[in-house]
Amino acid sequence: MAPRKRRLILAAILPFALARRALAGTTGAAFLSNDQTPQAVAMGGSGVVASWGSQAMGANPANLGRMSTRMEIYTSYSAPIEGEQFGRLSAAVALGSSWIDAIGASVIGQRIGGLIGTDSSGNQTGGTFGSGDLAASLGFSGRITDDLRYGAAVKSVRETIASYASNTALAADAGWAYDTGVRGLSVGMSVNNAGQKIKFLDQGDDLPLTINAGAMIPLGNFTAAAALGRLVHEQQTNISLGVSYQFGIVDLRAGYLAQTGGQGNPALRDQSGLSRAVNGVSGGVGVGFESVRLDYAINEGAADLGLSQVVSLTIGWGAPPAAEKARPAVRTAPPPAVRPVQVRPQGNGDSSANGWYLLPDPGQ
């Protein structure tokens, strides 16, 4: 599709997105929902269980401490449609303590440029404009037991459209993760983007509050993941399924994302059922060498807007700190009581007489 046509489509969608803010069940700062790693995107959007270490920022902060190195930096870039750019930079440091075993920070930004201006009748004015979004967050993770993890993060969010700027809204993420001990099965849950409204002029909109839950299990060289996400204000449910296959230093990934309820993607409304179903397919590949990893994912969110791609680089260094043993889930049993025995070195058999002694039973 020609770049001009892409921009016209985007220009048509943007006024719709602004107008729908006045409707019930809609949100602002939608770019927060796009903050997913290539691994999560390729596996259908299962970031609540599939994103670890520095990649866990924005997904499930409980997995922040799951790193094989002491420090880790993650950066990603995507251009979902012509004129739009989305980037992220995050870092994590392992501490070794059980209460707080890692801390992390993240900055994400989105920029859309070259939008064609129109008047109230839809006539082009000959000018262009753009929009920008920015969010910065700080987070931590810890362990209650060796198998049960928790985490939280706080973030600030700000948007601009043309010459208008929003307020700086504050929000938070929280999550937990649990290794069941059953065939490597792990489960997780997160609540993302709970916080203040984002405001333009006199119009305030809720952030895209999302509740996610998922599970992941290794099956030989395969790893399967499934997740369920609920966009509370949009009243939309996302169902994610994904699988990865590892051979050597390469991971091949595939997934599917189904969306039900809500207003959905306006670019998909005129498509047939088959086209809409195909648009939920995703795939990707990852290549890792020691502590350096390159990941790539691709999916098609809307046929008229083309393929969406995201690439990332993760670098880790330093030996992980010796992990402090987490608090035990149950109290340890007290030592057994000492059972005394009587020993009479000499005497007439009277236990009340001098010469009897109480000694620990050597069989204890």
# chains A, B, ... in the order shown; residues from 1 in each chain; ligands from 1
>>> residues_around(residues="Ile73 (chain A)", least_positions_apart="2", cutoff="10 Å", atoms="only C-alpha atoms", output="list in words")
Gly53, Ser54, Gln55, Met71, Thr75, Leu89, Ser90, Ala91, Ala92, Val93, Gly104, Ala105, Ser106, Val292, Leu313, Thr314, Ile315, Gly316 and Trp317 of chain A
>>> write_last_selection(atoms="N, CA and C atoms", output="compact mmCIF listing (two decimals), in the first residue's frame")
# COMPACT_ATOMS: atom_id res chain seq x y z
N GLY A 53 12.77 -11.07 33.29
CA GLY A 53 13.88 -10.15 33.41
C GLY A 53 13.45 -8.73 33.07
N SER A 54 14.32 -7.99 32.38
CA SER A 54 14.00 -6.61 32.02
C SER A 54 12.79 -6.52 31.10
N GLN A 55 12.43 -7.61 30.42
CA GLN A 55 11.27 -7.62 29.55
C GLN A 55 9.96 -7.66 30.33
N MET A 71 22.90 -8.02 35.65
CA MET A 71 22.27 -6.85 35.04
C MET A 71 21.81 -7.20 33.63
N THR A 75 16.07 -3.42 24.69
CA THR A 75 15.58 -2.34 23.84
C THR A 75 14.82 -2.94 22.65
N LEU A 89 13.04 1.14 26.07
CA LEU A 89 14.33 0.86 26.69
C LEU A 89 14.08 0.54 28.15
N SER A 90 14.56 -0.62 28.61
CA SER A 90 14.37 -1.01 30.00
C SER A 90 15.62 -1.70 30.52
N ALA A 91 15.77 -1.69 31.82
CA ALA A 91 16.93 -2.30 32.47
C ALA A 91 16.50 -2.93 33.78
N ALA A 92 17.23 -3.96 34.20
CA ALA A 92 16.94 -4.65 35.45
C ALA A 92 18.26 -5.04 36.13
N VAL A 93 18.26 -5.02 37.46
CA VAL A 93 19.42 -5.39 38.26
C VAL A 93 18.98 -6.40 39.31
N GLY A 104 13.93 -2.58 38.53
CA GLY A 104 13.97 -2.30 37.11
C GLY A 104 13.40 -0.93 36.77
N ALA A 105 13.71 -0.46 35.59
CA ALA A 105 13.20 0.81 35.08
C ALA A 105 12.93 0.67 33.59
N SER A 106 11.97 1.45 33.10
CA SER A 106 11.59 1.34 31.69
C SER A 106 11.06 2.67 31.18
N VAL A 292 23.61 -12.52 25.14
CA VAL A 292 23.09 -11.59 24.14
C VAL A 292 21.98 -12.30 23.36
N LEU A 313 16.66 -6.28 21.21
CA LEU A 313 18.00 -6.74 21.59
C LEU A 313 18.08 -6.74 23.11
N THR A 314 18.52 -7.87 23.66
CA THR A 314 18.68 -8.01 25.11
C THR A 314 20.13 -8.36 25.41
N ILE A 315 20.75 -7.61 26.32
CA ILE A 315 22.14 -7.84 26.69
C ILE A 315 22.24 -7.95 28.21
N GLY A 316 22.89 -9.00 28.68
CA GLY A 316 23.09 -9.19 30.11
C GLY A 316 24.57 -9.37 30.41
N TRP A 317 24.96 -9.03 31.63
CA TRP A 317 26.35 -9.23 32.04
C TRP A 317 26.44 -9.34 33.55
>>> residues_around(residues="Gln246 (chain A)", least_positions_apart="5", cutoff="7 Å", atoms="only C-alpha atoms", output="PyMOL selection string")
chain A and resi 221-222+251-252
>>> residues_around(residues="Thr168 (chain A)", least_positions_apart="3", cutoff="9 Å", atoms="only C-alpha atoms", output="PyMOL selection string")
chain A and resi 156-159+196+198-199
>>> select_by_dssp(residues="region 92-140 of chain A", states="strand (DSSP E or B)", output="VMD selection string")
chain A and resid 92 to 94 102 to 118 124 to 140
>>> write_last_selection(atoms="C-alpha atoms", output="compact mmCIF listing (two decimals), in the first residue's frame")
# COMPACT_ATOMS: atom_id res chain seq x y z
CA ALA A 92 16.94 -4.65 35.45
CA VAL A 93 19.42 -5.39 38.26
CA ALA A 94 19.37 -8.56 40.38
CA ALA A 102 15.47 -7.27 41.51
CA ILE A 103 14.69 -3.67 40.56
CA GLY A 104 13.97 -2.30 37.11
CA ALA A 105 13.20 0.81 35.08
CA SER A 106 11.59 1.34 31.69
CA VAL A 107 10.80 4.12 29.22
CA ILE A 108 8.42 3.61 26.28
CA GLY A 109 7.49 6.07 23.58
CA GLN A 110 5.29 6.24 20.52
CA ARG A 111 5.35 8.80 17.72
CA ILE A 112 2.96 9.20 14.80
CA GLY A 113 3.90 11.79 12.19
CA GLY A 114 2.78 12.98 8.79
CA LEU A 115 -0.94 12.95 9.57
CA ILE A 116 -2.93 14.92 7.00
CA GLY A 117 -5.03 17.68 8.52
CA THR A 118 -8.71 18.03 7.58
CA GLN A 124 -7.78 18.44 3.47
CA THR A 125 -6.24 21.64 4.81
CA GLY A 126 -2.84 21.04 3.24
CA GLY A 127 -1.08 20.80 6.59
CA THR A 128 0.13 17.85 8.62
CA PHE A 129 0.37 17.11 12.33
CA GLY A 130 1.58 14.39 14.67
CA SER A 131 1.06 12.82 18.06
CA GLY A 132 3.40 11.52 20.73
CA ASP A 133 3.12 9.35 23.84
CA LEU A 134 5.58 8.72 26.64
CA ALA A 135 5.57 6.57 29.79
CA ALA A 136 8.32 5.98 32.37
CA SER A 137 8.19 3.35 35.11
CA LEU A 138 10.11 1.94 38.10
CA GLY A 139 9.50 -1.52 39.52
CA PHE A 140 10.72 -4.34 41.74
>>> closest_atom_pairs(of="region 214-246 of chain A", to="region 204-207 of chain A", cutoff="12 Å", atoms="only C-alpha atoms", output="JSON lines")
{"residue": "A:Leu231", "atom": "CA", "partner": "A:Leu207", "partner_atom": "CA", "distance": 10.1}
{"residue": "A:Val232", "atom": "CA", "partner": "A:Leu207", "partner_atom": "CA", "distance": 9.9}
{"residue": "A:His233", "atom": "CA", "partner": "A:Asp206", "partner_atom": "CA", "distance": 7.6}
{"residue": "A:Glu234", "atom": "CA", "partner": "A:Asp206", "partner_atom": "CA", "distance": 9.9}
>>> closest_residue(among="A:Ala224, A:Val250, A:Ser46, A:Ser76", to="Phe289 (chain A)", atoms="only C-alpha atoms")
A:Val250
>>> decode(residues="region 276-323 of chain A", atoms="N, CA and C atoms", output="tab-separated table (two decimals), in the first residue's frame")
chain	number	residue	atom	x	y	z
A	276	ARG	N	-10.63	-11.80	9.37
A	276	ARG	CA	-10.47	-11.41	10.76
A	276	ARG	C	-9.77	-12.50	11.55
A	277	ALA	N	-10.06	-13.78	11.24
A	277	ALA	CA	-9.43	-14.88	11.95
A	277	ALA	C	-7.94	-14.96	11.63
A	278	VAL	N	-7.58	-14.77	10.35
A	278	VAL	CA	-6.18	-14.82	9.94
A	278	VAL	C	-5.38	-13.71	10.61
A	279	ASN	N	-6.02	-12.58	10.85
A	279	ASN	CA	-5.32	-11.45	11.44
A	279	ASN	C	-4.88	-11.72	12.88
A	280	GLY	N	-5.35	-12.79	13.49
A	280	GLY	CA	-4.92	-13.12	14.84
A	280	GLY	C	-3.66	-13.96	14.89
A	281	VAL	N	-3.13	-14.38	13.73
A	281	VAL	CA	-1.96	-15.25	13.69
A	281	VAL	C	-0.68	-14.42	13.85
A	282	SER	N	0.28	-14.96	14.58
A	282	SER	CA	1.56	-14.29	14.78
A	282	SER	C	2.68	-15.32	14.77
A	283	GLY	N	3.91	-14.85	14.62
A	283	GLY	CA	5.06	-15.73	14.62
A	283	GLY	C	6.32	-14.95	14.88
A	284	GLY	N	7.41	-15.66	15.11
A	284	GLY	CA	8.67	-14.97	15.36
A	284	GLY	C	9.81	-15.94	15.59
A	285	VAL	N	10.99	-15.37	15.80
A	285	VAL	CA	12.19	-16.16	16.01
A	285	VAL	C	13.09	-15.43	17.00
A	286	GLY	N	13.84	-16.17	17.77
A	286	GLY	CA	14.82	-15.59	18.68
A	286	GLY	C	16.14	-16.33	18.55
A	287	VAL	N	17.24	-15.59	18.63
A	287	VAL	CA	18.58	-16.18	18.56
A	287	VAL	C	19.38	-15.66	19.75
A	288	GLY	N	19.91	-16.59	20.54
A	288	GLY	CA	20.67	-16.19	21.72
A	288	GLY	C	22.06	-16.79	21.72
A	289	PHE	N	23.04	-15.98	22.13
A	289	PHE	CA	24.41	-16.45	22.26
A	289	PHE	C	24.94	-15.94	23.58
A	290	GLU	N	25.15	-16.86	24.52
A	290	GLU	CA	25.56	-16.52	25.87
A	290	GLU	C	24.57	-15.51	26.45
A	291	SER	N	24.98	-14.28	26.75
A	291	SER	CA	24.08	-13.33	27.41
A	291	SER	C	23.54	-12.27	26.45
A	292	VAL	N	23.61	-12.52	25.14
A	292	VAL	CA	23.09	-11.59	24.14
A	292	VAL	C	21.98	-12.30	23.36
A	293	ARG	N	20.85	-11.59	23.18
A	293	ARG	CA	19.72	-12.22	22.50
A	293	ARG	C	19.06	-11.23	21.56
A	294	LEU	N	18.74	-11.71	20.34
A	294	LEU	CA	18.03	-10.93	19.34
A	294	LEU	C	16.70	-11.61	19.05
A	295	ASP	N	15.60	-10.85	19.14
A	295	ASP	CA	14.26	-11.42	18.94
A	295	ASP	C	13.50	-10.61	17.90
A	296	TYR	N	12.62	-11.32	17.18
A	296	TYR	CA	11.82	-10.70	16.12
A	296	TYR	C	10.44	-11.35	16.13
A	297	ALA	N	9.41	-10.51	15.90
A	297	ALA	CA	8.05	-11.03	15.81
A	297	ALA	C	7.28	-10.29	14.74
A	298	ILE	N	6.27	-10.94	14.20
A	298	ILE	CA	5.46	-10.35	13.15
A	298	ILE	C	4.01	-10.81	13.34
A	299	ASN	N	3.07	-9.89	13.11
A	299	ASN	CA	1.66	-10.26	13.09
A	299	ASN	C	0.92	-9.26	12.20
A	300	GLU	N	-0.31	-9.57	11.89
A	300	GLU	CA	-1.10	-8.71	11.01
A	300	GLU	C	-2.33	-8.26	11.77
A	301	GLY	N	-2.28	-7.04	12.31
A	301	GLY	CA	-3.40	-6.53	13.08
A	301	GLY	C	-4.56	-6.08	12.21
A	302	ALA	N	-4.27	-5.67	10.99
A	302	ALA	CA	-5.32	-5.25	10.06
A	302	ALA	C	-4.76	-5.33	8.64
A	303	ALA	N	-5.48	-6.01	7.78
A	303	ALA	CA	-4.98	-6.25	6.43
A	303	ALA	C	-4.73	-4.95	5.67
A	304	ASP	N	-5.58	-3.93	5.86
A	304	ASP	CA	-5.42	-2.68	5.12
A	304	ASP	C	-4.23	-1.87	5.59
A	305	LEU	N	-3.71	-2.18	6.77
A	305	LEU	CA	-2.57	-1.43	7.30
A	305	LEU	C	-1.27	-2.21	7.22
A	306	GLY	N	-1.30	-3.43	6.73
A	306	GLY	CA	-0.09	-4.21	6.53
A	306	GLY	C	0.38	-4.94	7.79
A	307	LEU	N	1.55	-5.55	7.68
A	307	LEU	CA	2.11	-6.35	8.76
A	307	LEU	C	2.73	-5.46	9.83
A	308	SER	N	2.61	-5.90	11.07
A	308	SER	CA	3.24	-5.22	12.19
A	308	SER	C	4.43	-6.05	12.64
A	309	GLN	N	5.59	-5.42	12.78
A	309	GLN	CA	6.81	-6.12	13.13
A	309	GLN	C	7.48	-5.43	14.32
A	310	VAL	N	8.15	-6.23	15.14
A	310	VAL	CA	8.88	-5.70	16.28
A	310	VAL	C	10.18	-6.48	16.43
A	311	VAL	N	11.27	-5.78	16.70
A	311	VAL	CA	12.58	-6.40	16.88
A	311	VAL	C	13.17	-5.89	18.18
A	312	SER	N	13.93	-6.73	18.88
A	312	SER	CA	14.50	-6.33	20.16
A	312	SER	C	15.89	-6.92	20.34
A	313	LEU	N	16.66	-6.28	21.21
A	313	LEU	CA	18.00	-6.74	21.59
A	313	LEU	C	18.08	-6.74	23.11
A	314	THR	N	18.52	-7.87	23.66
A	314	THR	CA	18.68	-8.01	25.11
A	314	THR	C	20.13	-8.36	25.41
A	315	ILE	N	20.75	-7.61	26.32
A	315	ILE	CA	22.14	-7.84	26.69
A	315	ILE	C	22.24	-7.95	28.21
A	316	GLY	N	22.89	-9.00	28.68
A	316	GLY	CA	23.09	-9.19	30.11
A	316	GLY	C	24.57	-9.37	30.41
A	317	TRP	N	24.96	-9.03	31.63
A	317	TRP	CA	26.35	-9.23	32.04
A	317	TRP	C	26.44	-9.34	33.55
A	318	GLY	N	27.53	-9.94	34.00
A	318	GLY	CA	27.77	-10.09	35.43
A	318	GLY	C	27.17	-11.38	35.97
A	319	ALA	N	27.90	-12.01	36.90
A	319	ALA	CA	27.38	-13.21	37.53
A	319	ALA	C	26.23	-12.84	38.46
A	320	PRO	N	25.16	-13.63	38.45
A	320	PRO	CA	24.03	-13.31	39.33
A	320	PRO	C	24.46	-13.43	40.79
A	321	PRO	N	23.94	-12.59	41.67
A	321	PRO	CA	24.30	-12.68	43.09
A	321	PRO	C	23.77	-13.96	43.70
A	322	ALA	N	24.45	-14.41	44.74
A	322	ALA	CA	23.98	-15.60	45.45
A	322	ALA	C	22.61	-15.30	46.04
A	323	ALA	N	21.63	-16.10	45.68
A	323	ALA	CA	20.26	-15.84	46.11
A	323	ALA	C	20.10	-16.15	47.59
